[in-house]
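What follows is the content of upload_30.txt, which has compact mmCIF, C-alpha atoms and all ligand atoms:
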# COMPACT_ATOMS: atom_id res chain seq x y z
CA MET C 1 24.71 -66.86 93.15
CA SER C 2 23.39 -69.52 90.85
CA LYS C 3 22.02 -73.01 91.36
CA PRO C 4 24.51 -75.75 92.07
CA SER C 5 25.89 -76.92 88.77
CA GLU C 6 27.94 -79.82 87.49
CA ASN C 7 31.71 -79.41 87.48
CA LYS C 8 33.85 -79.90 84.48
CA GLN C 9 33.87 -83.67 84.71
CA GLY C 10 30.12 -83.64 85.42
CA ALA C 11 30.57 -86.20 88.23
CA VAL C 12 30.11 -84.20 91.41
CA GLN C 13 27.73 -81.35 92.16
CA THR C 14 29.28 -77.99 93.05
CA THR C 15 27.78 -75.07 94.98
CA GLY C 16 27.91 -72.97 91.86
CA HIS C 17 30.36 -70.42 93.19
CA ALA C 18 33.33 -69.76 91.03
CA TRP C 19 36.44 -67.81 92.02
CA ASP C 20 39.28 -66.79 89.86
CA GLY C 21 37.35 -68.07 86.90
CA ASP C 22 37.49 -71.80 87.60
CA LEU C 23 37.94 -72.36 91.33
CA GLN C 24 34.74 -74.20 92.43
CA GLU C 25 33.36 -75.74 95.59
CA TYR C 26 32.04 -79.33 95.72
CA ASN C 27 28.62 -79.83 97.24
CA ASN C 28 29.08 -83.35 98.64
CA PRO C 29 26.33 -84.55 100.98
CA LEU C 30 27.46 -85.09 104.60
CA PRO C 31 28.49 -88.69 105.19
CA ARG C 32 25.58 -90.64 106.63
CA TRP C 33 27.49 -91.93 109.65
CA TRP C 34 28.49 -88.39 110.53
CA LEU C 35 24.95 -87.09 110.23
CA TRP C 36 23.48 -89.82 112.43
CA GLY C 37 26.24 -89.24 114.92
CA PHE C 38 25.33 -85.60 114.98
CA TYR C 39 21.62 -86.32 115.56
CA ALA C 40 22.58 -88.71 118.34
CA THR C 41 24.54 -86.02 120.17
CA VAL C 42 21.56 -83.67 119.90
CA VAL C 43 19.25 -86.29 121.40
CA PHE C 44 21.83 -87.06 124.08
CA ALA C 45 22.11 -83.39 125.02
CA VAL C 46 18.34 -82.96 125.33
CA VAL C 47 17.99 -86.08 127.47
CA TYR C 48 20.93 -84.88 129.56
CA TRP C 49 19.30 -81.47 130.14
CA PHE C 50 16.22 -83.21 131.47
CA LEU C 51 18.08 -85.58 133.77
CA TYR C 52 21.01 -83.62 135.14
CA PRO C 53 21.86 -80.12 136.30
CA ALA C 54 22.44 -78.20 133.07
CA TRP C 55 21.27 -74.65 132.41
CA PRO C 56 21.91 -71.62 134.59
CA ILE C 57 18.78 -69.59 135.25
CA GLY C 58 19.21 -66.43 137.28
CA GLY C 59 21.00 -67.32 140.50
CA THR C 60 20.20 -71.03 140.21
CA PHE C 61 20.11 -73.74 137.55
CA THR C 62 17.92 -76.46 136.10
CA LYS C 63 18.39 -79.38 138.46
CA GLY C 64 17.14 -82.26 136.29
CA PHE C 65 14.95 -85.20 137.23
CA ALA C 66 17.67 -87.68 138.25
CA THR C 67 18.09 -88.14 142.01
CA VAL C 68 20.59 -89.56 144.48
CA THR C 69 19.51 -91.13 147.75
CA TYR C 70 21.90 -91.31 150.66
CA GLU C 71 21.80 -91.50 154.42
CA VAL C 72 22.54 -88.78 156.96
CA ASN C 73 22.54 -89.77 160.62
CA GLY C 74 20.34 -92.75 159.87
CA GLU C 75 17.83 -90.70 157.83
CA GLU C 76 17.39 -91.22 154.11
CA ARG C 77 17.73 -88.11 152.05
CA THR C 78 17.02 -87.70 148.34
CA THR C 79 18.36 -84.79 146.32
CA HIS C 80 18.78 -83.88 142.68
CA TRP C 81 21.78 -85.57 141.11
CA ASN C 82 25.08 -84.04 142.23
CA THR C 83 28.57 -85.36 142.80
CA ARG C 84 28.65 -84.43 146.48
CA ALA C 85 25.63 -86.62 147.18
CA LEU C 86 27.19 -89.37 145.06
CA LEU C 87 30.30 -89.21 147.20
CA MET C 88 28.18 -89.38 150.36
CA ARG C 89 26.42 -92.44 148.97
CA ASP C 90 29.67 -94.11 147.98
CA MET C 91 31.11 -93.48 151.39
CA GLN C 92 28.14 -95.35 152.85
CA THR C 93 27.64 -98.12 150.36
CA SER C 94 31.10 -98.88 148.99
CA PRO C 95 32.28 -102.35 150.02
CA ALA C 96 35.01 -100.82 152.20
CA ALA C 97 32.51 -98.57 153.98
CA VAL C 98 30.09 -101.42 154.57
CA ARG C 99 32.86 -103.61 155.96
CA GLN C 100 33.98 -100.76 158.21
CA ARG C 101 30.47 -100.25 159.54
CA GLU C 102 30.05 -103.95 160.21
CA PHE C 103 33.35 -104.02 162.07
CA LEU C 104 32.40 -100.97 164.12
CA GLU C 105 29.25 -102.78 165.21
CA VAL C 106 31.37 -105.74 166.28
CA ILE C 107 33.64 -103.40 168.25
CA ALA C 108 30.63 -101.69 169.85
CA GLU C 109 29.50 -105.07 171.21
CA ALA C 110 32.92 -106.41 172.18
CA THR C 111 34.59 -106.04 175.57
CA TYR C 112 38.01 -104.41 175.79
CA ASP C 113 39.48 -107.82 176.63
CA ASP C 114 38.07 -109.22 173.39
CA ILE C 115 39.33 -106.30 171.36
CA LEU C 116 42.84 -106.27 172.79
CA ARG C 117 43.29 -110.01 172.48
CA ASP C 118 41.94 -110.48 168.95
CA PRO C 119 44.53 -109.60 166.26
CA ASP C 120 41.77 -108.86 163.70
CA LYS C 121 40.00 -106.45 165.99
CA ILE C 122 43.21 -104.77 167.06
CA SER C 123 44.33 -104.28 163.48
CA PHE C 124 40.93 -102.80 162.61
CA VAL C 125 41.20 -100.52 165.66
CA ARG C 126 44.64 -99.41 164.51
CA SER C 127 43.62 -98.50 161.01
CA TYR C 128 40.30 -96.87 161.96
CA ALA C 129 41.61 -94.99 164.99
CA HIS C 130 44.58 -93.73 163.03
CA GLY C 131 42.25 -91.44 161.06
CA VAL C 132 40.16 -90.31 164.02
CA PHE C 133 43.30 -89.67 166.06
CA GLY C 134 44.71 -87.62 163.19
CA ASP C 135 41.53 -85.53 163.03
CA PHE C 136 40.90 -84.94 166.71
CA CYS C 137 43.98 -85.67 168.78
CA ALA C 138 47.18 -85.25 166.80
CA THR C 139 46.98 -81.44 166.78
CA CYS C 140 47.88 -81.63 170.46
CA HIS C 141 49.34 -85.08 171.12
CA GLN C 142 51.22 -85.17 167.79
CA ALA C 143 51.37 -88.02 165.30
CA GLY C 144 51.60 -91.38 167.01
CA GLY C 145 50.88 -89.70 170.37
CA ALA C 146 54.46 -88.51 170.74
CA GLY C 147 53.45 -85.46 172.77
CA ILE C 148 55.45 -82.31 173.54
CA ILE C 149 57.09 -81.93 176.93
CA GLY C 150 55.38 -79.15 178.89
CA LEU C 151 52.36 -78.94 176.61
CA TYR C 152 50.79 -82.28 175.78
CA PRO C 153 51.66 -85.58 177.39
CA THR C 154 53.00 -88.41 175.32
CA LEU C 155 50.52 -91.25 174.90
CA ALA C 156 53.14 -93.54 173.47
CA ASP C 157 54.88 -94.65 176.65
CA ASP C 158 53.91 -96.64 179.73
CA ASP C 159 53.79 -93.67 182.07
CA TRP C 160 50.32 -92.30 182.70
CA LEU C 161 49.10 -89.26 184.57
CA TRP C 162 45.55 -90.48 184.95
CA GLY C 163 46.09 -94.23 184.65
CA GLY C 164 46.82 -96.52 181.75
CA THR C 165 44.06 -99.10 182.02
CA VAL C 166 41.84 -98.93 179.00
CA GLU C 167 38.91 -97.87 181.20
CA ARG C 168 40.89 -94.94 182.65
CA ILE C 169 42.03 -93.94 179.17
CA GLU C 170 38.42 -94.01 177.97
CA GLU C 171 37.48 -91.77 180.88
CA SER C 172 40.29 -89.33 180.00
CA ILE C 173 38.92 -89.07 176.45
CA ARG C 174 35.22 -88.95 177.30
CA GLU C 175 35.34 -86.55 180.24
CA GLY C 176 38.57 -84.67 179.66
CA ARG C 177 41.15 -84.00 182.39
CA LEU C 178 42.38 -80.97 184.24
CA GLY C 179 45.98 -81.32 185.35
CA TYR C 180 46.53 -78.87 188.18
CA MET C 181 49.36 -78.24 190.57
CA PRO C 182 49.27 -75.02 192.61
CA PRO C 183 52.19 -72.57 192.43
CA PHE C 184 54.36 -72.58 195.56
CA ARG C 185 56.12 -69.26 195.07
CA GLU C 186 54.29 -67.72 198.02
CA THR C 187 54.60 -70.81 200.19
CA PHE C 188 58.35 -71.41 200.15
CA ASP C 189 61.37 -69.25 200.71
CA ALA C 190 64.32 -69.77 198.38
CA GLU C 191 65.95 -72.28 200.69
CA GLN C 192 62.81 -74.47 201.01
CA LEU C 193 62.23 -74.30 197.27
CA ARG C 194 65.77 -75.52 196.65
CA ALA C 195 65.50 -78.27 199.27
CA VAL C 196 62.23 -79.76 198.03
CA SER C 197 63.53 -79.65 194.45
CA ALA C 198 66.75 -81.39 195.51
CA TYR C 199 64.58 -84.12 197.03
CA VAL C 200 62.65 -84.46 193.75
CA LEU C 201 65.92 -84.94 191.86
CA ASP C 202 67.09 -87.45 194.46
CA ILE C 203 64.01 -89.67 194.11
CA ALA C 204 64.33 -89.41 190.33
CA GLY C 205 67.75 -91.01 190.68
CA TYR C 206 70.11 -88.04 190.25
CA ASP C 207 73.24 -87.81 192.37
CA GLY C 208 74.97 -84.58 193.24
CA GLY C 209 72.61 -83.11 195.84
CA ASP C 210 73.55 -82.08 199.31
CA GLU C 211 72.43 -84.83 201.72
CA ASP C 212 71.17 -82.47 204.46
CA GLU C 213 69.30 -80.39 201.94
CA ILE C 214 67.65 -83.52 200.50
CA ARG C 215 66.54 -84.63 203.98
CA ARG C 216 64.99 -81.21 204.62
CA GLY C 217 63.28 -81.43 201.23
CA GLU C 218 61.93 -84.87 202.04
CA ALA C 219 60.30 -83.51 205.19
CA ILE C 220 58.70 -80.69 203.22
CA PHE C 221 57.50 -83.02 200.44
CA ASN C 222 56.00 -85.66 202.72
CA GLY C 223 54.84 -83.29 205.46
CA THR C 224 52.27 -80.54 205.85
CA ASP C 225 54.74 -77.76 204.97
CA GLY C 226 54.71 -78.71 201.32
CA GLY C 227 51.92 -81.26 201.14
CA CYS C 228 53.32 -82.56 197.86
CA PHE C 229 52.47 -86.11 198.96
CA GLN C 230 48.76 -85.30 198.82
CA CYS C 231 48.96 -85.45 195.08
CA HIS C 232 52.28 -87.14 194.29
CA ASP C 233 51.93 -89.68 197.12
CA THR C 234 54.43 -90.27 199.89
CA GLY C 235 57.81 -90.88 198.27
CA GLY C 236 56.60 -89.27 195.03
CA THR C 237 55.26 -92.30 193.17
CA GLY C 238 52.27 -90.37 191.84
CA ARG C 239 48.49 -90.57 192.20
CA ILE C 240 46.34 -91.15 189.17
CA SER C 241 43.29 -89.83 191.03
CA GLN C 242 45.02 -86.39 190.95
CA GLY C 243 46.69 -86.77 187.59
CA ALA C 244 49.93 -86.19 189.51
CA PRO C 245 52.88 -87.89 187.84
CA ASN C 246 55.27 -90.39 189.31
CA LEU C 247 58.40 -88.37 190.10
CA THR C 248 60.63 -91.39 190.68
CA ASN C 249 60.88 -92.85 187.16
CA ASN C 250 62.86 -90.06 185.47
CA ILE C 251 60.08 -89.61 182.85
CA TRP C 252 59.22 -85.93 182.68
CA GLN C 253 55.97 -84.30 181.65
CA ILE C 254 56.44 -80.62 182.20
CA VAL C 255 60.15 -79.85 182.11
CA ASP C 256 62.83 -81.80 180.31
CA VAL C 257 64.94 -82.61 183.35
CA ALA C 258 66.46 -85.71 181.76
CA GLY C 259 67.70 -83.60 178.85
CA ALA C 260 69.34 -80.93 181.01
CA ALA C 261 73.12 -80.68 181.02
CA SER C 262 74.06 -80.40 184.68
CA TYR C 263 72.75 -80.94 188.19
CA GLU C 264 72.25 -77.20 188.66
CA ALA C 265 70.32 -76.97 185.37
CA ARG C 266 68.07 -79.83 186.48
CA LEU C 267 67.52 -78.22 189.84
CA ALA C 268 66.57 -74.95 188.16
CA LEU C 269 63.96 -76.74 186.00
CA VAL C 270 62.33 -78.51 188.95
CA GLN C 271 62.34 -75.28 190.93
CA SER C 272 60.56 -73.48 188.09
CA VAL C 273 57.74 -76.06 188.12
CA VAL C 274 57.33 -75.89 191.90
CA ARG C 275 57.45 -72.10 191.88
CA ASN C 276 54.94 -71.65 189.04
CA GLY C 277 52.70 -74.69 189.38
CA VAL C 278 51.06 -76.34 186.40
CA GLN C 279 47.69 -76.08 184.77
CA ARG C 280 46.71 -77.78 181.56
CA GLU C 281 43.60 -79.27 180.20
CA MET C 282 42.54 -82.20 178.11
CA PRO C 283 39.19 -81.31 176.47
CA ALA C 284 36.24 -83.70 176.89
CA PHE C 285 35.21 -85.60 173.77
CA GLY C 286 32.05 -87.25 175.13
CA GLU C 287 29.85 -84.89 173.12
CA ARG C 288 31.95 -84.75 170.01
CA LEU C 289 32.63 -88.43 169.36
CA SER C 290 30.33 -91.43 169.45
CA PRO C 291 30.76 -94.00 172.25
CA THR C 292 32.12 -96.46 169.68
CA GLU C 293 34.65 -93.96 168.35
CA ILE C 294 35.79 -93.29 171.91
CA LYS C 295 36.06 -97.02 172.51
CA VAL C 296 38.18 -97.49 169.40
CA LEU C 297 40.39 -94.55 170.42
CA ALA C 298 40.80 -95.87 173.97
CA ALA C 299 41.89 -99.27 172.67
CA TYR C 300 44.19 -97.55 170.18
CA VAL C 301 45.83 -95.27 172.76
CA HIS C 302 46.14 -98.20 175.14
CA GLN C 303 48.13 -100.25 172.67
CA LEU C 304 50.19 -97.21 171.58
CA GLY C 305 51.83 -97.13 174.96
CA GLY C 306 51.65 -100.79 175.83
CA GLY C 307 48.95 -99.77 178.32
CA GLN C 308 48.51 -101.33 181.73
C1 LIG C 401 43.67 -79.21 172.96
C2 LIG C 401 44.70 -80.20 173.12
C3 LIG C 401 44.28 -81.65 173.26
C4 LIG C 401 43.53 -82.40 172.39
C5 LIG C 401 42.86 -81.97 171.11
C6 LIG C 401 43.52 -83.72 172.95
N1 LIG C 401 44.22 -83.76 174.10
FE1 LIG C 401 44.50 -85.39 175.27
N2 LIG C 401 45.42 -84.23 176.64
C7 LIG C 401 45.74 -82.90 176.50
C8 LIG C 401 46.43 -82.43 177.68
C9 LIG C 401 46.96 -81.02 177.92
C10 LIG C 401 46.50 -83.53 178.55
C11 LIG C 401 47.13 -83.56 179.94
C12 LIG C 401 46.14 -83.19 180.99
C13 LIG C 401 46.85 -83.17 182.29
O1 LIG C 401 47.83 -82.44 182.41
O2 LIG C 401 46.42 -83.87 183.19
C14 LIG C 401 45.87 -84.65 177.86
C15 LIG C 401 45.75 -85.92 178.40
C16 LIG C 401 45.28 -87.02 177.70
C17 LIG C 401 45.23 -88.36 178.23
C18 LIG C 401 45.70 -88.79 179.60
C19 LIG C 401 47.16 -89.10 179.54
C20 LIG C 401 47.70 -89.69 180.80
O3 LIG C 401 48.94 -89.73 180.90
O4 LIG C 401 46.94 -90.13 181.65
C21 LIG C 401 44.73 -89.17 177.24
C22 LIG C 401 44.52 -90.67 177.29
C23 LIG C 401 44.45 -88.32 176.11
N3 LIG C 401 44.79 -87.01 176.43
C24 LIG C 401 43.95 -88.76 174.92
C25 LIG C 401 43.50 -87.91 173.92
C26 LIG C 401 42.79 -88.36 172.74
C27 LIG C 401 42.49 -89.80 172.39
C28 LIG C 401 42.48 -87.24 172.05
C29 LIG C 401 41.67 -87.15 170.77
C30 LIG C 401 40.31 -87.58 170.86
C31 LIG C 401 43.01 -86.10 172.76
N4 LIG C 401 43.62 -86.54 173.89
C32 LIG C 401 42.90 -84.80 172.33
C33 LIG C 401 45.46 -82.11 175.42
C34 LIG C 401 44.69 -82.50 174.34
C1 LIG C 402 47.14 -80.46 193.96
C2 LIG C 402 48.00 -81.54 193.58
C3 LIG C 402 49.51 -81.30 193.58
C4 LIG C 402 50.30 -80.88 194.58
C5 LIG C 402 49.90 -80.46 195.98
C6 LIG C 402 51.65 -80.90 194.06
N1 LIG C 402 51.66 -81.30 192.78
FE1 LIG C 402 53.28 -81.47 191.59
N2 LIG C 402 52.10 -81.90 190.05
C7 LIG C 402 50.73 -82.11 190.13
C8 LIG C 402 50.24 -82.38 188.84
C9 LIG C 402 48.78 -82.66 188.48
C10 LIG C 402 51.35 -82.35 187.96
C11 LIG C 402 51.36 -82.64 186.48
C12 LIG C 402 50.47 -81.73 185.76
C13 LIG C 402 50.33 -82.16 184.33
O1 LIG C 402 51.02 -83.08 183.90
O2 LIG C 402 49.52 -81.53 183.69
C14 LIG C 402 52.50 -82.05 188.78
C15 LIG C 402 53.78 -81.92 188.27
C16 LIG C 402 54.90 -81.80 189.07
C17 LIG C 402 56.24 -81.78 188.59
C18 LIG C 402 56.67 -81.90 187.15
C19 LIG C 402 56.92 -83.34 186.83
C20 LIG C 402 57.25 -83.61 185.41
O3 LIG C 402 57.08 -84.78 185.01
O4 LIG C 402 57.69 -82.70 184.69
C21 LIG C 402 57.06 -81.65 189.66
C22 LIG C 402 58.57 -81.59 189.67
C23 LIG C 402 56.21 -81.57 190.81
N3 LIG C 402 54.90 -81.64 190.42
C24 LIG C 402 56.65 -81.41 192.10
C25 LIG C 402 55.82 -81.10 193.15
C26 LIG C 402 56.30 -80.71 194.45
C27 LIG C 402 57.74 -80.62 194.86
C28 LIG C 402 55.20 -80.44 195.19
C29 LIG C 402 55.13 -79.93 196.61
C30 LIG C 402 55.84 -78.72 196.86
C31 LIG C 402 54.04 -80.69 194.37
N4 LIG C 402 54.46 -81.08 193.14
C32 LIG C 402 52.76 -80.52 194.79
C33 LIG C 402 49.94 -82.01 191.23
C34 LIG C 402 50.36 -81.57 192.45
Take the structure in this file and express it as structure tokens.
Amino acid sequence: MSKPSENKQGAVQTTGHAWDGDLQEYNNPLPRWWLWGFYATVVFAVVYWFLYPAWPIGGTFTKGFATVTYEVNGEERTTHWNTRALLMRDMQTSPAAVRQREFLEVIAEATYDDILRDPDKISFVRSYAHGVFGDFCATCHQAGGAGIIGLYPTLADDDWLWGGTVERIEESIREGRLGYMPPFRETFDAEQLRAVSAYVLDIAGYDGGDEDEIRRGEAIFNGTDGGCFQCHDTGGTGRISQGAPNLTNNIWQIVDVAGAASYEARLALVQSVVRNGVQREMPAFGERLSPTEIKVLAAYVHQLGGGQ
């Protein structure tokens, strides 16, 4: 290898290599703009290593000097720069988040009357509760509170087990509810079971029952033999203190009587409920959700069904 030499024209330096006799390589200096650009990237990289997480060392990494400060449960927390903390901070300080927090404070102070009458508040409640409902309630009560007959009551109609005032709804959410009806398979013989069920269909508005049988069923329902009235009230209109449904409105919680094809099929469904009883539970959310979240949910559920 020799020193760089002039090429044939003598204009541009070459590296001095020659292949195949006359094939030479120019030795042009790097363009200045390129070189400065290159130095800039080196400086940038070094600054970056100092500020941000960069190099793996063992099981960890260099964390850098940059920090992010965000709030957790009212406490300020500062960590090395990372995107998770950035997201936390954005969720707290973005204009939308700040507006949401301000509105939640308004809701926390407002009475239910205020909330339900003010279109702004109700539309905030709808959009905020929609997410909370999706996270905590929709697994059971389904989207929009549609419910599933036999499993989870619908929250989207005007028929309530435990009462449809917004205060009663709040109580259902905060404290949970245990819906319980004892099984009557030991109490009744087949004839009594049929009679009381025929009475239930009669008060629900279905024709086709035997009049004598219905009268016997009525006596069982509203007397001490059956004691159904203790929960469902005399005449079967329901008692919200027991979570016992109104049996006279043809809205069904446990068995889909309205959807059954014939009188006998309906009778069989009612008999199955009376024979087996019912037990189902709404979990309490008083510990899991804040009072304001519960308030928003109560207002939301109330307006889902038209409330009371
Ligand atoms: C694990 C399933 C489950 C979850 C989750 C659940 N619920 Fe319930 N909920 C039930 C059941 C079951 C009942 C019926 C209890 C009964 O039979 O008395 C019920 C009853 C209710 C009632 C009373 C309905 C009435 O007719 O009086 C309200 C209101 C209610 N739930 C709201 C909510 C809200 C709001 C949430 C979310 C925070 C929620 N539920 C989450 C299962 C659930
Ligand atoms: C201890 C209270 C209690 C007594 C006593 C009781 N029930 Fe019930 N019954 C309930 C409750 C509570 C439910 C609803 C449970 C739920 O929704 O989780 C219910 C549900 C029903 C249903 C289903 C209604 C539907 O919408 O699907 C029928 C039918 C019924 N009861 C009939 C009777 C008859 C008939 C008797 C008397 C033989 C009786 N019940 C006695 C509490 C009672």
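For the atom pair formed by atom CA of C:Gln192 and atom CA of C:Asn249, the distance is 23.1 Å, given to one decimal.
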- Message: For C:Arg89, find every residue with an atom within 12 Å (counting all atoms listed in the file), except residues of its own chain fewer than 3 positions away, and show them as a ChimeraX atom specification.
- Response: /C:67-72,76-79,81-86,92-95,97-98
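The residue that comes closest to ligand LIG 402 (chain C), out of C:Gly259, C:Gly209, C:Gly163, C:Gly150 and on the basis of all atoms listed in the file, is C:Gly150.
For the pair atom C17 of ligand LIG 401 (chain C) and atom CA of C:Ser172, the interatomic distance is 5.3 Å.
Residue nearest C:Ala198 within the list C:Leu151, C:Ala265, C:Cys140, C:Val255: C:Ala265 [criterion: smallest interatomic distance, all atoms listed in the file].
For the pair atom CA of C:Lys63 and atom CA of C:Glu75, the separation is 22.4 Å.
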- Item | Closest of C:Arg168, C:Lys295, C:His141, C:Arg239 to ligand LIG 402 (chain C) - atom-to-atom distances counting only C-alpha atoms and all ligand atoms | C:Arg239
- All residues 8 Å or closer to C:Ile169, only C-alpha atoms, same chain fewer than 4 positions away omitted, as number ranges by chain: C: 162-165, 173, 298, 301-302
- Query: Can you tell me, as a ChimeraX atom specification, which residues sit within 9 Å of (61.2, -92.6, 182.1) in the file's frame, using all atoms listed in the file?
  - Reply: /C:157-159,248-252,258
Would you mind exporting C-alpha atoms of the selected residues as a PDB file, in the coordinates of the input?
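After the write, part.pdb holds the following:
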ATOM      1  CA  ASP C 157      54.880 -94.650 176.650  1.00  0.00           C
ATOM      2  CA  ASP C 158      53.910 -96.640 179.730  1.00  0.00           C
ATOM      3  CA  ASP C 159      53.790 -93.670 182.070  1.00  0.00           C
ATOM      4  CA  THR C 248      60.630 -91.390 190.680  1.00  0.00           C
ATOM      5  CA  ASN C 249      60.880 -92.850 187.160  1.00  0.00           C
ATOM      6  CA  ASN C 250      62.860 -90.060 185.470  1.00  0.00           C
ATOM      7  CA  ILE C 251      60.080 -89.610 182.850  1.00  0.00           C
ATOM      8  CA  TRP C 252      59.220 -85.930 182.680  1.00  0.00           C
ATOM      9  CA  ALA C 258      66.460 -85.710 181.760  1.00  0.00           C
TER      10      ALA C 258
END
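With only C-alpha atoms as the atoms that count, the minimum distance from C:Ile294 to the choices C:Phe65, C:Ala18, C:Arg174, C:Ala110 is reached by C:Arg174.
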- Task: Might you pull out every residue within 12 Å of C:Pro182, with all atoms listed in the file counted and same-chain residues fewer than 4 positions away left off, and present them as a count of residues only?
- Result: 15
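Minimum distance to C:Gln303 across C:Trp55, C:Tyr26, C:Tyr112, C:Phe103 (counting only C-alpha atoms) occurs at C:Tyr112.
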- Task: List every protein, DNA or RNA residue that has at least one atom no more than 9 Å from (45.3, -94.2, 173.0) in the file's coordinates, counting all atoms listed in the file, and write the result as a PyMOL selection string.
- Result: chain C and resi 129+133+145+155-156+166+169-170+173+296-305+307
Listed atoms of ligand LIG 401 (chain C), axis-aligned box, 6 Å per side: centre and edge lengths to one decimal in Å, as AutoDock Vina command-line options?
--center_x 44.6 --center_y -84.9 --center_z 177.0 --size_x 20.6 --size_y 23.5 --size_z 24.4
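With only C-alpha atoms as the atoms that count, the residue of C:Tyr263, C:Gly131, C:Gly37, C:Asp225 with the shortest distance to C:Gly208 is C:Tyr263.
Shell of stretch 52-54 of chain C at 7 Å, with all atoms listed in the file counted and residues fewer than 2 places along the chain excluded, is Tyr48, Trp49, Phe50, Pro56, Phe61, Thr62, Lys63, Gly64, Phe65, Ala66 and Trp81 of chain C.
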